[in-house]
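First the structure, in the form of structure tokens, and then the observations on it.
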Amino acid sequence: MRVVFPDGSEFLELPVKGLDLLADLAVLGPVVAPTKGLQLVDGESLPIGAETFLIGYPEVSSEFPRSTIVRGALSRVEELETIGLTFLQIDAAVAPGQSGGALVSDQGQLIGITGVGLSNGRFAIATSSADLLPRVRKLIAGEDSSGLGDRRVPSGGGEFGHGIRLSNLWDQSSFVINEAPGTVIGLEITGDEEGELTIFDSRSNQLLYLDTGKTGVAAGSFPIGGKGPRFFIVQRWSNDRGSFFVDSSHRLTDLPDPDDGTPIGVGESVLGNIDFPGDTDHFLIRLEEGERVEVAVNSILVNSFVTIYYEGAGLDDMIVDHKSGGGILKHDSRIVYRAPHTGEYLVVVQAVGLKAPGGYLVSLKPAGEDAILTETTAASVFQFSGPDSTPIHSYEFGVDEIKDAFAELPKSFAEIYPSGSGLSIANLGLEGYFDDLAVFLSADPFQMVIAGTGQFADLGRFNLDSNVSSAKLLEEIVRTFVAVAIEGDQDLEIHDSGLLQPDGVGEVSFGAFLDAGMMEGGEEVIRLRVDLLIFQRGNLFGGVISYIDSGTEPSVPVLELARMLDARMNSGLSRR
């Protein structure tokens with residue numbers, strides 16, 4: 001890791017001494033620091049309302065950044081007993097990039113480390129130093145502080161060809177490859193059953209997808225665009241077992257998953273980890289007919305989606321949940337289940353948005369007779385039909401409906417062909433977010449509007465509660481758009497950013513803006529203001545992105561654009 005201190009001291013390759021993927025913690029070093037460090041001090045006994053300060057580097061793009069400081073009051077102390085961590089909530093708004101910053105008392109004592117727990121930018125959540133200190137000491141001593149074992153990704157070895165046997169619907173065979181940027185990887189997958197091969201980078205971007213289909217053969221290639229591992233996942237969405245063979249132009253290293261097949265008894269809890277983007281973990285439980293149990297997944301890093309499945313179960317028989325378990329970040333899962341027969345069942349854990357890595361705790365306990373059974377099924381989420389499992393939608397909202405929503409745009413706007421302008425769903429990085437896209441352009445004054453829709457049937461659909469992901473998505477969209485406009489790879493400099501209040505749009509919504517410039521040769525060549533507003537309406541997902549020249553007023557504000565799209569969605573759902 002690269003570490004920079006305020007006096008400009010720079011360390012380019014500090015080793016990662018240890019990772020705790022349950023506590024969202026890494027220890028780097030050792031390092032000979034230019035200044036004396038702070039002690040981690042227990043701040044859990046501070047009174048509510050105590051003055052605290054958040055110090056970190058939000059929204060930083062500089063190579064040698066300056067830290068920022070924000071004052072806030074301690075508003076809540078909450079212990080997550082299941083994973084042994086206490087959290088301090090501060091009523092100070094923080095921005096993406098703050099994660100890992102210091103929470104200090106008014107005496108300058110380090111009482112917590114800020115984490116991923118940003119809730120719509122209204123407050124910050126920090127893990128208490130009192131709970132982190134023993135974990136830090138264990139990591140320094142080379143011990144496993146999380147109980148997850150060594151989950152680091154292997155960096156070498158491997159074979160060019162791999163035989164694969166998948167034993168159930170949720171089984172995966174996974175590999176990793178580390179090659180230099182610019183390397184082109186060629187692949188072929190063959191099998192006796194229909195299978196899929198998907199490749200992700202470490203940021204959950206899908207790089208290649210191959211489906212063997214009815215022929216049992218698929219081939220493709222992709223270039224390595226930057227440093228870091230690439231993850232290969234082979235799976236098949238069928239109850240039948242299948243055998244496959246993957247042939248690669250470069251060595252693939254097997255990536256075993258220690259979580260798969262782990263047994264959980266009633267009254268027990270086990271740790272698991274989403275090791276890489278697209279990882280699906282399954283745990284084994286045994287139940288008696290009519291037995292009522294509660295399955296819970298708790299985590300501060302994994303926004304979990306949980307399924308209970310048994311061999312031969314149809315979509316109507318699979319019970320699923322996302323976010324019913326509450327938790328510190330309100331994204332834990334919980335299922336109350338009654339076994340239809342005596343036998344073995346699988347508890348399947350996935351991460352919404354394919355985000356990784358992250359540790360979690362799965363617990364199984366008896367459910368009381370008065371506990372309300374979870375009724376959501378996979379059929380109600382996925383909605384499949386037909387012998388080939390062709391997805392169908394209960395309501396179709398595509399490009400024609402988007403155009404209809406914006407029929408009343410001012411005459412200065414003209415619809416443009418998206419891919420002809422380099423603005424397709426794929427090259428904007430919007431795969432998994434939008435299924436359909438329409439683009440409108442006003443030349444004078446300049447305003448470009450990108451509107452998209454999708455359905456929540458996709459597990460990778462955007463989680464509207466995560467403003468961290470939202471801000472990252474917005475920054476990536478800006479980078480791609482401006483790079484297309486000036487046909488090159490330039491540095492992005494963010495001048496200002498913040499949240500928007502999407503009042504009256506959708507059932508759940510999020511808004512953000514970014515004022516950014518693209519630098520080339522030390523000069524700013526383009527300066528844009530970009531507004532993003534995304535929302536949920538029924539089982540539909542909608543989003544509007546508006547680009548204007550920085551310092552000018554839009555012809556139609558993004559909130560008005562989003563309301564136009566939302567109104568059309570709502571009318572369609574009401575007619576369904």
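Ligands are numbered from 1 in the order shown, chains are lettered A, B, ... in the order of the structure tokens, and residues start at 1 in each chain.
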Neighbours of Glu10 in chain A within 12 Å (only C-alpha atoms; same-chain residues fewer than 2 positions away dropped), as a ChimeraX atom specification? /A:1-8,12-14,31-34,63-65
Residues at most 12 Å from Ile233 in chain A, counting only C-alpha atoms, excluding those fewer than 3 positions away in the same chain, as an mmCIF file with all heavy atoms, in the first residue's frame?
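Saved as around30.cif:
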data_model
loop_
_atom_site.group_PDB
_atom_site.id
_atom_site.type_symbol
_atom_site.label_atom_id
_atom_site.label_comp_id
_atom_site.auth_asym_id
_atom_site.auth_seq_id
_atom_site.Cartn_x
_atom_site.Cartn_y
_atom_site.Cartn_z
ATOM 1 N N ILE A 164 -14.220 -29.324 -14.184
ATOM 2 C CA ILE A 164 -15.112 -28.770 -13.161
ATOM 3 C C ILE A 164 -16.324 -29.673 -13.001
ATOM 4 O O ILE A 164 -16.902 -30.141 -14.006
ATOM 5 C CB ILE A 164 -15.572 -27.346 -13.559
ATOM 6 C CG1 ILE A 164 -14.365 -26.400 -13.604
ATOM 7 C CG2 ILE A 164 -16.632 -26.817 -12.598
ATOM 8 C CD1 ILE A 164 -14.652 -25.097 -14.305
ATOM 9 N N LEU A 166 -19.982 -29.462 -10.925
ATOM 10 C CA LEU A 166 -20.898 -28.688 -10.097
ATOM 11 C C LEU A 166 -21.978 -29.612 -9.555
ATOM 12 O O LEU A 166 -22.602 -30.359 -10.309
ATOM 13 C CB LEU A 166 -21.519 -27.544 -10.907
ATOM 14 C CG LEU A 166 -20.520 -26.557 -11.528
ATOM 15 C CD1 LEU A 166 -21.248 -25.484 -12.322
ATOM 16 C CD2 LEU A 166 -19.649 -25.911 -10.459
ATOM 17 N N TRP A 170 -26.447 -24.015 -6.549
ATOM 18 C CA TRP A 170 -25.695 -22.875 -6.044
ATOM 19 C C TRP A 170 -24.189 -23.111 -6.052
ATOM 20 O O TRP A 170 -23.427 -22.256 -5.596
ATOM 21 C CB TRP A 170 -26.148 -22.558 -4.617
ATOM 22 C CG TRP A 170 -27.608 -22.267 -4.556
ATOM 23 C CD1 TRP A 170 -28.594 -23.125 -4.176
ATOM 24 C CD2 TRP A 170 -28.259 -21.050 -4.921
ATOM 25 N NE1 TRP A 170 -29.814 -22.516 -4.270
ATOM 26 C CE2 TRP A 170 -29.648 -21.242 -4.735
ATOM 27 C CE3 TRP A 170 -27.817 -19.816 -5.388
ATOM 28 C CZ2 TRP A 170 -30.580 -20.252 -4.984
ATOM 29 C CZ3 TRP A 170 -28.750 -18.827 -5.646
ATOM 30 C CH2 TRP A 170 -30.108 -19.037 -5.442
ATOM 31 N N ASP A 171 -23.767 -24.238 -6.570
ATOM 32 C CA ASP A 171 -22.343 -24.562 -6.574
ATOM 33 C C ASP A 171 -21.602 -23.700 -7.592
ATOM 34 O O ASP A 171 -22.133 -23.395 -8.669
ATOM 35 C CB ASP A 171 -22.151 -26.048 -6.893
ATOM 36 C CG ASP A 171 -20.805 -26.560 -6.435
ATOM 37 O OD1 ASP A 171 -20.095 -25.817 -5.747
ATOM 38 O OD2 ASP A 171 -20.474 -27.718 -6.758
ATOM 39 N N GLN A 172 -20.386 -23.319 -7.262
ATOM 40 C CA GLN A 172 -19.526 -22.545 -8.160
ATOM 41 C C GLN A 172 -18.137 -23.155 -8.174
ATOM 42 O O GLN A 172 -17.701 -23.773 -7.212
ATOM 43 C CB GLN A 172 -19.388 -21.093 -7.685
ATOM 44 C CG GLN A 172 -20.635 -20.263 -7.706
ATOM 45 C CD GLN A 172 -20.365 -18.855 -7.171
ATOM 46 O OE1 GLN A 172 -19.540 -18.660 -6.285
ATOM 47 N NE2 GLN A 172 -21.065 -17.870 -7.716
ATOM 48 N N SER A 173 -17.446 -22.963 -9.284
ATOM 49 C CA SER A 173 -16.029 -23.250 -9.351
ATOM 50 C C SER A 173 -15.343 -21.951 -9.744
ATOM 51 O O SER A 173 -15.709 -21.331 -10.758
ATOM 52 C CB SER A 173 -15.733 -24.347 -10.374
ATOM 53 O OG SER A 173 -14.397 -24.767 -10.287
ATOM 54 N N SER A 174 -14.377 -21.513 -8.935
ATOM 55 C CA SER A 174 -13.824 -20.175 -9.108
ATOM 56 C C SER A 174 -12.306 -20.221 -9.255
ATOM 57 O O SER A 174 -11.640 -21.081 -8.676
ATOM 58 C CB SER A 174 -14.195 -19.299 -7.907
ATOM 59 O OG SER A 174 -15.589 -19.327 -7.686
ATOM 60 N N PHE A 175 -11.801 -19.247 -10.011
ATOM 61 C CA PHE A 175 -10.370 -19.146 -10.292
ATOM 62 C C PHE A 175 -9.959 -17.690 -10.265
ATOM 63 O O PHE A 175 -10.789 -16.783 -10.357
ATOM 64 C CB PHE A 175 -10.038 -19.750 -11.662
ATOM 65 C CG PHE A 175 -10.581 -21.129 -11.867
ATOM 66 C CD1 PHE A 175 -11.837 -21.321 -12.436
ATOM 67 C CD2 PHE A 175 -9.853 -22.243 -11.484
ATOM 68 C CE1 PHE A 175 -12.354 -22.590 -12.617
ATOM 69 C CE2 PHE A 175 -10.361 -23.512 -11.656
ATOM 70 C CZ PHE A 175 -11.608 -23.690 -12.228
ATOM 71 N N VAL A 176 -8.657 -17.467 -10.158
ATOM 72 C CA VAL A 176 -8.119 -16.119 -10.182
ATOM 73 C C VAL A 176 -6.936 -16.089 -11.136
ATOM 74 O O VAL A 176 -6.226 -17.088 -11.297
ATOM 75 C CB VAL A 176 -7.708 -15.660 -8.762
ATOM 76 C CG1 VAL A 176 -6.566 -16.515 -8.224
ATOM 77 C CG2 VAL A 176 -7.321 -14.190 -8.750
ATOM 78 N N ILE A 177 -6.747 -14.937 -11.770
ATOM 79 C CA ILE A 177 -5.617 -14.755 -12.667
ATOM 80 C C ILE A 177 -4.995 -13.395 -12.391
ATOM 81 O O ILE A 177 -5.699 -12.410 -12.129
ATOM 82 C CB ILE A 177 -6.046 -14.879 -14.150
ATOM 83 C CG1 ILE A 177 -4.825 -14.911 -15.062
ATOM 84 C CG2 ILE A 177 -6.989 -13.756 -14.551
ATOM 85 C CD1 ILE A 177 -5.162 -15.259 -16.507
ATOM 86 N N ILE A 189 -14.991 -22.620 -22.803
ATOM 87 C CA ILE A 189 -15.652 -23.484 -21.834
ATOM 88 C C ILE A 189 -16.516 -24.481 -22.588
ATOM 89 O O ILE A 189 -17.254 -24.107 -23.516
ATOM 90 C CB ILE A 189 -16.496 -22.671 -20.821
ATOM 91 C CG1 ILE A 189 -17.234 -23.622 -19.866
ATOM 92 C CG2 ILE A 189 -17.447 -21.703 -21.488
ATOM 93 C CD1 ILE A 189 -17.936 -22.919 -18.715
ATOM 94 N N GLY A 195 -23.947 -24.069 -19.106
ATOM 95 C CA GLY A 195 -23.207 -23.438 -18.025
ATOM 96 C C GLY A 195 -22.820 -22.016 -18.372
ATOM 97 O O GLY A 195 -22.972 -21.571 -19.515
ATOM 98 N N GLU A 196 -22.311 -21.315 -17.377
ATOM 99 C CA GLU A 196 -21.931 -19.925 -17.547
ATOM 100 C C GLU A 196 -20.536 -19.698 -17.000
ATOM 101 O O GLU A 196 -20.154 -20.277 -15.976
ATOM 102 C CB GLU A 196 -22.896 -18.997 -16.796
ATOM 103 C CG GLU A 196 -24.348 -19.115 -17.231
ATOM 104 C CD GLU A 196 -25.258 -18.274 -16.351
ATOM 105 O OE1 GLU A 196 -24.819 -17.882 -15.252
ATOM 106 O OE2 GLU A 196 -26.396 -18.020 -16.749
ATOM 107 N N LEU A 197 -19.772 -18.830 -17.647
ATOM 108 C CA LEU A 197 -18.489 -18.376 -17.151
ATOM 109 C C LEU A 197 -18.526 -16.857 -17.122
ATOM 110 O O LEU A 197 -18.769 -16.213 -18.147
ATOM 111 C CB LEU A 197 -17.338 -18.876 -18.024
ATOM 112 C CG LEU A 197 -15.910 -18.604 -17.496
ATOM 113 C CD1 LEU A 197 -14.951 -19.651 -18.035
ATOM 114 C CD2 LEU A 197 -15.401 -17.216 -17.895
ATOM 115 N N THR A 198 -18.320 -16.281 -15.943
ATOM 116 C CA THR A 198 -18.348 -14.831 -15.771
ATOM 117 C C THR A 198 -17.025 -14.378 -15.176
ATOM 118 O O THR A 198 -16.476 -15.043 -14.290
ATOM 119 C CB THR A 198 -19.502 -14.406 -14.846
ATOM 120 O OG1 THR A 198 -20.711 -15.045 -15.249
ATOM 121 C CG2 THR A 198 -19.702 -12.902 -14.904
ATOM 122 N N ILE A 199 -16.533 -13.241 -15.648
ATOM 123 C CA ILE A 199 -15.257 -12.715 -15.178
ATOM 124 C C ILE A 199 -15.471 -11.308 -14.628
ATOM 125 O O ILE A 199 -16.096 -10.456 -15.278
ATOM 126 C CB ILE A 199 -14.218 -12.690 -16.314
ATOM 127 C CG1 ILE A 199 -14.007 -14.112 -16.849
ATOM 128 C CG2 ILE A 199 -12.895 -12.101 -15.822
ATOM 129 C CD1 ILE A 199 -13.200 -14.171 -18.104
ATOM 130 N N PHE A 200 -14.961 -11.087 -13.397
ATOM 131 C CA PHE A 200 -15.062 -9.791 -12.745
ATOM 132 C C PHE A 200 -13.670 -9.285 -12.394
ATOM 133 O O PHE A 200 -12.754 -10.074 -12.154
ATOM 134 C CB PHE A 200 -15.862 -9.893 -11.438
ATOM 135 C CG PHE A 200 -17.288 -10.311 -11.609
ATOM 136 C CD1 PHE A 200 -17.667 -11.634 -11.425
ATOM 137 C CD2 PHE A 200 -18.261 -9.377 -11.939
ATOM 138 C CE1 PHE A 200 -18.989 -12.026 -11.563
ATOM 139 C CE2 PHE A 200 -19.577 -9.763 -12.086
ATOM 140 C CZ PHE A 200 -19.951 -11.081 -11.903
ATOM 141 N N ASP A 201 -13.549 -7.945 -12.314
ATOM 142 C CA ASP A 201 -12.353 -7.395 -11.699
ATOM 143 C C ASP A 201 -12.640 -7.195 -10.212
ATOM 144 O O ASP A 201 -13.732 -7.500 -9.725
ATOM 145 C CB ASP A 201 -11.896 -6.110 -12.387
ATOM 146 C CG ASP A 201 -12.894 -4.962 -12.271
ATOM 147 O OD1 ASP A 201 -13.805 -5.031 -11.420
ATOM 148 O OD2 ASP A 201 -12.775 -3.985 -13.039
ATOM 149 N N GLN A 206 -18.065 -6.394 -14.497
ATOM 150 C CA GLN A 206 -18.075 -7.601 -15.323
ATOM 151 C C GLN A 206 -17.267 -7.369 -16.589
ATOM 152 O O GLN A 206 -17.506 -6.425 -17.331
ATOM 153 C CB GLN A 206 -19.516 -7.975 -15.680
ATOM 154 C CG GLN A 206 -19.617 -9.243 -16.504
ATOM 155 C CD GLN A 206 -21.055 -9.634 -16.775
ATOM 156 O OE1 GLN A 206 -21.835 -9.818 -15.869
ATOM 157 N NE2 GLN A 206 -21.416 -9.742 -18.053
ATOM 158 N N LEU A 207 -16.283 -8.237 -16.830
ATOM 159 C CA LEU A 207 -15.388 -8.080 -17.972
ATOM 160 C C LEU A 207 -15.758 -8.988 -19.138
ATOM 161 O O LEU A 207 -15.509 -8.649 -20.293
ATOM 162 C CB LEU A 207 -13.945 -8.374 -17.553
ATOM 163 C CG LEU A 207 -13.421 -7.580 -16.347
ATOM 164 C CD1 LEU A 207 -12.015 -8.032 -16.005
ATOM 165 C CD2 LEU A 207 -13.463 -6.085 -16.631
ATOM 166 N N LEU A 208 -16.337 -10.153 -18.848
ATOM 167 C CA LEU A 208 -16.689 -11.106 -19.900
ATOM 168 C C LEU A 208 -17.749 -12.060 -19.371
ATOM 169 O O LEU A 208 -17.717 -12.444 -18.196
ATOM 170 C CB LEU A 208 -15.453 -11.897 -20.345
ATOM 171 C CG LEU A 208 -15.662 -12.919 -21.477
ATOM 172 C CD1 LEU A 208 -15.995 -12.207 -22.786
ATOM 173 C CD2 LEU A 208 -14.426 -13.801 -21.647
ATOM 174 N N TYR A 209 -18.673 -12.424 -20.242
ATOM 175 C CA TYR A 209 -19.697 -13.404 -19.890
ATOM 176 C C TYR A 209 -19.830 -14.394 -21.038
ATOM 177 O O TYR A 209 -20.007 -13.992 -22.192
ATOM 178 C CB TYR A 209 -21.045 -12.723 -19.628
ATOM 179 C CG TYR A 209 -22.192 -13.695 -19.421
ATOM 180 C CD1 TYR A 209 -22.373 -14.336 -18.210
ATOM 181 C CD2 TYR A 209 -23.074 -13.972 -20.467
ATOM 182 C CE1 TYR A 209 -23.407 -15.241 -18.024
ATOM 183 C CE2 TYR A 209 -24.117 -14.874 -20.297
ATOM 184 C CZ TYR A 209 -24.284 -15.493 -19.074
ATOM 185 O OH TYR A 209 -25.307 -16.385 -18.886
ATOM 186 N N LEU A 210 -19.722 -15.693 -20.735
ATOM 187 C CA LEU A 210 -19.866 -16.741 -21.736
ATOM 188 C C LEU A 210 -20.964 -17.701 -21.293
ATOM 189 O O LEU A 210 -20.989 -18.127 -20.134
ATOM 190 C CB LEU A 210 -18.557 -17.506 -21.916
ATOM 191 C CG LEU A 210 -17.334 -16.710 -22.404
ATOM 192 C CD1 LEU A 210 -16.114 -17.617 -22.435
ATOM 193 C CD2 LEU A 210 -17.598 -16.103 -23.779
ATOM 194 N N ASP A 211 -21.845 -18.054 -22.195
ATOM 195 C CA ASP A 211 -22.938 -18.990 -21.921
ATOM 196 C C ASP A 211 -22.849 -20.117 -22.946
ATOM 197 O O ASP A 211 -22.925 -19.873 -24.158
ATOM 198 C CB ASP A 211 -24.277 -18.262 -22.030
ATOM 199 C CG ASP A 211 -25.461 -19.137 -21.620
ATOM 200 O OD1 ASP A 211 -25.296 -20.369 -21.533
ATOM 201 O OD2 ASP A 211 -26.550 -18.584 -21.393
ATOM 202 N N ARG A 230 -8.171 -10.837 -11.491
ATOM 203 C CA ARG A 230 -9.444 -11.035 -12.182
ATOM 204 C C ARG A 230 -10.012 -12.366 -11.711
ATOM 205 O O ARG A 230 -9.278 -13.343 -11.544
ATOM 206 C CB ARG A 230 -9.251 -11.065 -13.702
ATOM 207 C CG ARG A 230 -9.400 -9.697 -14.376
ATOM 208 C CD ARG A 230 -8.436 -8.684 -13.861
ATOM 209 N NE ARG A 230 -8.556 -7.408 -14.578
ATOM 210 C CZ ARG A 230 -7.936 -6.315 -14.199
ATOM 211 N NH1 ARG A 230 -7.173 -6.315 -13.126
ATOM 212 N NH2 ARG A 230 -8.066 -5.197 -14.887
ATOM 213 N N ARG A 236 -24.002 -22.862 -13.023
ATOM 214 C CA ARG A 236 -25.147 -23.139 -13.897
ATOM 215 C C ARG A 236 -26.410 -23.030 -13.078
ATOM 216 O O ARG A 236 -26.476 -23.451 -11.924
ATOM 217 C CB ARG A 236 -25.038 -24.524 -14.533
ATOM 218 C CG ARG A 236 -25.016 -25.686 -13.583
ATOM 219 C CD ARG A 236 -24.772 -26.967 -14.344
ATOM 220 N NE ARG A 236 -25.655 -27.105 -15.477
ATOM 221 C CZ ARG A 236 -26.680 -27.949 -15.538
ATOM 222 N NH1 ARG A 236 -26.925 -28.743 -14.521
ATOM 223 N NH2 ARG A 236 -27.447 -28.021 -16.588
ATOM 224 N N VAL A 246 -12.643 -25.860 -18.638
ATOM 225 C CA VAL A 246 -12.241 -24.509 -19.026
ATOM 226 C C VAL A 246 -10.804 -24.562 -19.524
ATOM 227 O O VAL A 246 -9.913 -25.059 -18.828
ATOM 228 C CB VAL A 246 -12.367 -23.523 -17.847
ATOM 229 C CG1 VAL A 246 -11.785 -22.164 -18.230
ATOM 230 C CG2 VAL A 246 -13.817 -23.362 -17.433
ATOM 231 N N LEU A 252 -4.748 -20.314 -14.798
ATOM 232 C CA LEU A 252 -5.796 -19.963 -13.850
ATOM 233 C C LEU A 252 -5.524 -20.704 -12.541
ATOM 234 O O LEU A 252 -5.312 -21.917 -12.536
ATOM 235 C CB LEU A 252 -7.178 -20.361 -14.376
ATOM 236 C CG LEU A 252 -7.607 -19.794 -15.726
ATOM 237 C CD1 LEU A 252 -9.000 -20.305 -16.077
ATOM 238 C CD2 LEU A 252 -7.598 -18.271 -15.698
ATOM 239 N N THR A 253 -5.557 -19.959 -11.433
ATOM 240 C CA THR A 253 -5.307 -20.551 -10.127
ATOM 241 C C THR A 253 -6.633 -20.852 -9.443
ATOM 242 O O THR A 253 -7.500 -19.974 -9.349
ATOM 243 C CB THR A 253 -4.483 -19.595 -9.243
ATOM 244 O OG1 THR A 253 -3.272 -19.263 -9.925
ATOM 245 C CG2 THR A 253 -4.156 -20.241 -7.912
ATOM 246 N N ASP A 254 -6.771 -22.091 -8.977
ATOM 247 C CA ASP A 254 -7.996 -22.493 -8.306
ATOM 248 C C ASP A 254 -8.212 -21.650 -7.043
ATOM 249 O O ASP A 254 -7.282 -21.342 -6.309
ATOM 250 C CB ASP A 254 -7.910 -23.975 -7.935
ATOM 251 C CG ASP A 254 -9.229 -24.503 -7.405
ATOM 252 O OD1 ASP A 254 -10.280 -24.018 -7.841
ATOM 253 O OD2 ASP A 254 -9.206 -25.396 -6.533
ATOM 254 N N LEU A 255 -9.469 -21.280 -6.821
ATOM 255 C CA LEU A 255 -9.830 -20.433 -5.691
ATOM 256 C C LEU A 255 -10.877 -21.163 -4.854
ATOM 257 O O LEU A 255 -12.082 -20.944 -4.992
ATOM 258 C CB LEU A 255 -10.390 -19.093 -6.201
ATOM 259 C CG LEU A 255 -10.419 -17.901 -5.249
ATOM 260 C CD1 LEU A 255 -9.020 -17.568 -4.755
ATOM 261 C CD2 LEU A 255 -11.020 -16.698 -5.953
ATOM 262 N N PRO A 256 -10.448 -22.074 -3.986
ATOM 263 C CA PRO A 256 -11.406 -22.844 -3.187
ATOM 264 C C PRO A 256 -12.158 -21.955 -2.212
ATOM 265 O O PRO A 256 -11.640 -20.933 -1.747
ATOM 266 C CB PRO A 256 -10.524 -23.852 -2.447
ATOM 267 C CG PRO A 256 -9.173 -23.222 -2.403
ATOM 268 C CD PRO A 256 -9.050 -22.415 -3.662
ATOM 269 N N ASP A 257 -13.403 -22.333 -1.903
ATOM 270 C CA ASP A 257 -14.243 -21.562 -0.998
ATOM 271 C C ASP A 257 -14.483 -22.378 0.266
ATOM 272 O O ASP A 257 -15.252 -23.346 0.253
ATOM 273 C CB ASP A 257 -15.579 -21.222 -1.658
ATOM 274 C CG ASP A 257 -16.342 -20.154 -0.891
ATOM 275 O OD1 ASP A 257 -16.180 -20.084 0.336
ATOM 276 O OD2 ASP A 257 -17.097 -19.391 -1.523
ATOM 277 N N PHE A 276 -14.889 -12.764 -3.163
ATOM 278 C CA PHE A 276 -14.617 -12.087 -4.431
ATOM 279 C C PHE A 276 -15.949 -11.703 -5.059
ATOM 280 O O PHE A 276 -17.000 -12.241 -4.687
ATOM 281 C CB PHE A 276 -13.818 -12.999 -5.379
ATOM 282 C CG PHE A 276 -14.394 -14.385 -5.498
ATOM 283 C CD1 PHE A 276 -15.402 -14.666 -6.404
ATOM 284 C CD2 PHE A 276 -13.934 -15.412 -4.679
ATOM 285 C CE1 PHE A 276 -15.947 -15.927 -6.506
ATOM 286 C CE2 PHE A 276 -14.476 -16.685 -4.771
ATOM 287 C CZ PHE A 276 -15.482 -16.940 -5.691
ATOM 288 N N PRO A 277 -15.954 -10.773 -5.998
ATOM 289 C CA PRO A 277 -17.209 -10.371 -6.641
ATOM 290 C C PRO A 277 -17.907 -11.562 -7.293
ATOM 291 O O PRO A 277 -17.291 -12.323 -8.033
ATOM 292 C CB PRO A 277 -16.756 -9.349 -7.696
ATOM 293 C CG PRO A 277 -15.464 -8.816 -7.169
ATOM 294 C CD PRO A 277 -14.805 -9.968 -6.476
ATOM 295 N N GLY A 278 -19.193 -11.716 -7.004
ATOM 296 C CA GLY A 278 -19.964 -12.816 -7.557
ATOM 297 C C GLY A 278 -19.935 -14.077 -6.716
ATOM 298 O O GLY A 278 -20.583 -15.073 -7.057
ATOM 299 N N ASP A 279 -19.195 -14.067 -5.601
ATOM 300 C CA ASP A 279 -19.104 -15.239 -4.744
ATOM 301 C C ASP A 279 -20.477 -15.577 -4.157
ATOM 302 O O ASP A 279 -21.189 -14.707 -3.662
ATOM 303 C CB ASP A 279 -18.109 -14.963 -3.612
ATOM 304 C CG ASP A 279 -17.868 -16.186 -2.727
ATOM 305 O OD1 ASP A 279 -18.217 -17.299 -3.143
ATOM 306 O OD2 ASP A 279 -17.316 -16.006 -1.621
ATOM 307 N N THR A 280 -20.854 -16.855 -4.219
ATOM 308 C CA THR A 280 -22.083 -17.357 -3.613
ATOM 309 C C THR A 280 -21.701 -18.446 -2.626
ATOM 310 O O THR A 280 -21.085 -19.441 -3.001
ATOM 311 C CB THR A 280 -23.036 -17.931 -4.675
ATOM 312 O OG1 THR A 280 -23.439 -16.888 -5.565
ATOM 313 C CG2 THR A 280 -24.278 -18.533 -4.031
#
Hey, which of A:Leu528, A:Leu346, A:Leu437, A:Leu540 ends up closest to Glu507 in chain A? Count only C-alpha atoms.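 Closest to Glu507 in chain A, using only C-alpha atoms: A:Leu540.
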Restricting the calculation to only C-alpha atoms: of A:Leu354, A:Asn273, A:Thr453, A:Glu375, which residue gets closest to Asp317 in chain A?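 The answer is A:Glu375, which sits nearest to Asp317 in chain A.
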Quick one: everything within 9 Å of Leu532 in chain A, counting only C-alpha atoms, minus sequence neighbours fewer than 3 positions away in the same chain. Send it as an MDAnalysis selection string. chainID A and resid 470 474 500 510:514 543:546 558
Write out, as a tab-separated table (two decimals), in the first residue's frame, the residues just selected, with N, CA and C atoms.
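Saved as out.tsv:
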chain	number	residue	atom	x	y	z
A	470	SER	N	-23.30	4.86	-4.60
A	470	SER	CA	-23.89	5.84	-5.51
A	470	SER	C	-22.86	6.86	-5.95
A	474	LEU	N	-21.43	7.52	-9.68
A	474	LEU	CA	-21.48	8.82	-10.34
A	474	LEU	C	-20.10	9.24	-10.84
A	500	LEU	N	-28.25	15.49	-3.10
A	500	LEU	CA	-29.46	16.20	-3.54
A	500	LEU	C	-30.64	15.64	-2.76
A	510	PHE	N	-32.38	8.40	-4.08
A	510	PHE	CA	-31.09	8.96	-3.70
A	510	PHE	C	-30.64	9.93	-4.78
A	511	GLY	N	-30.04	11.05	-4.36
A	511	GLY	CA	-29.55	12.03	-5.32
A	511	GLY	C	-28.18	12.55	-4.94
A	512	ALA	N	-27.36	12.86	-5.93
A	512	ALA	CA	-26.03	13.40	-5.67
A	512	ALA	C	-25.60	14.26	-6.86
A	513	PHE	N	-24.64	15.15	-6.61
A	513	PHE	CA	-24.09	15.96	-7.70
A	513	PHE	C	-22.58	15.93	-7.62
A	514	LEU	N	-21.96	16.22	-8.76
A	514	LEU	CA	-20.51	16.25	-8.86
A	514	LEU	C	-20.13	17.39	-9.79
A	543	GLY	N	-33.53	5.97	-13.16
A	543	GLY	CA	-32.45	6.90	-12.89
A	543	GLY	C	-32.32	7.94	-13.97
A	544	VAL	N	-31.91	9.14	-13.58
A	544	VAL	CA	-31.69	10.24	-14.52
A	544	VAL	C	-30.33	10.86	-14.21
A	545	ILE	N	-29.53	11.05	-15.25
A	545	ILE	CA	-28.24	11.71	-15.13
A	545	ILE	C	-28.27	12.95	-16.02
A	546	SER	N	-27.93	14.10	-15.46
A	546	SER	CA	-27.97	15.35	-16.21
A	546	SER	C	-26.58	15.98	-16.22
A	558	VAL	N	-32.70	18.27	-12.68
A	558	VAL	CA	-32.73	16.82	-12.60
A	558	VAL	C	-33.92	16.32	-11.79
Of A:Leu132, A:Ala296, A:Met569, A:Val349, the one sitting nearest Ser145 in chain A when using only C-alpha atoms is A:Leu132
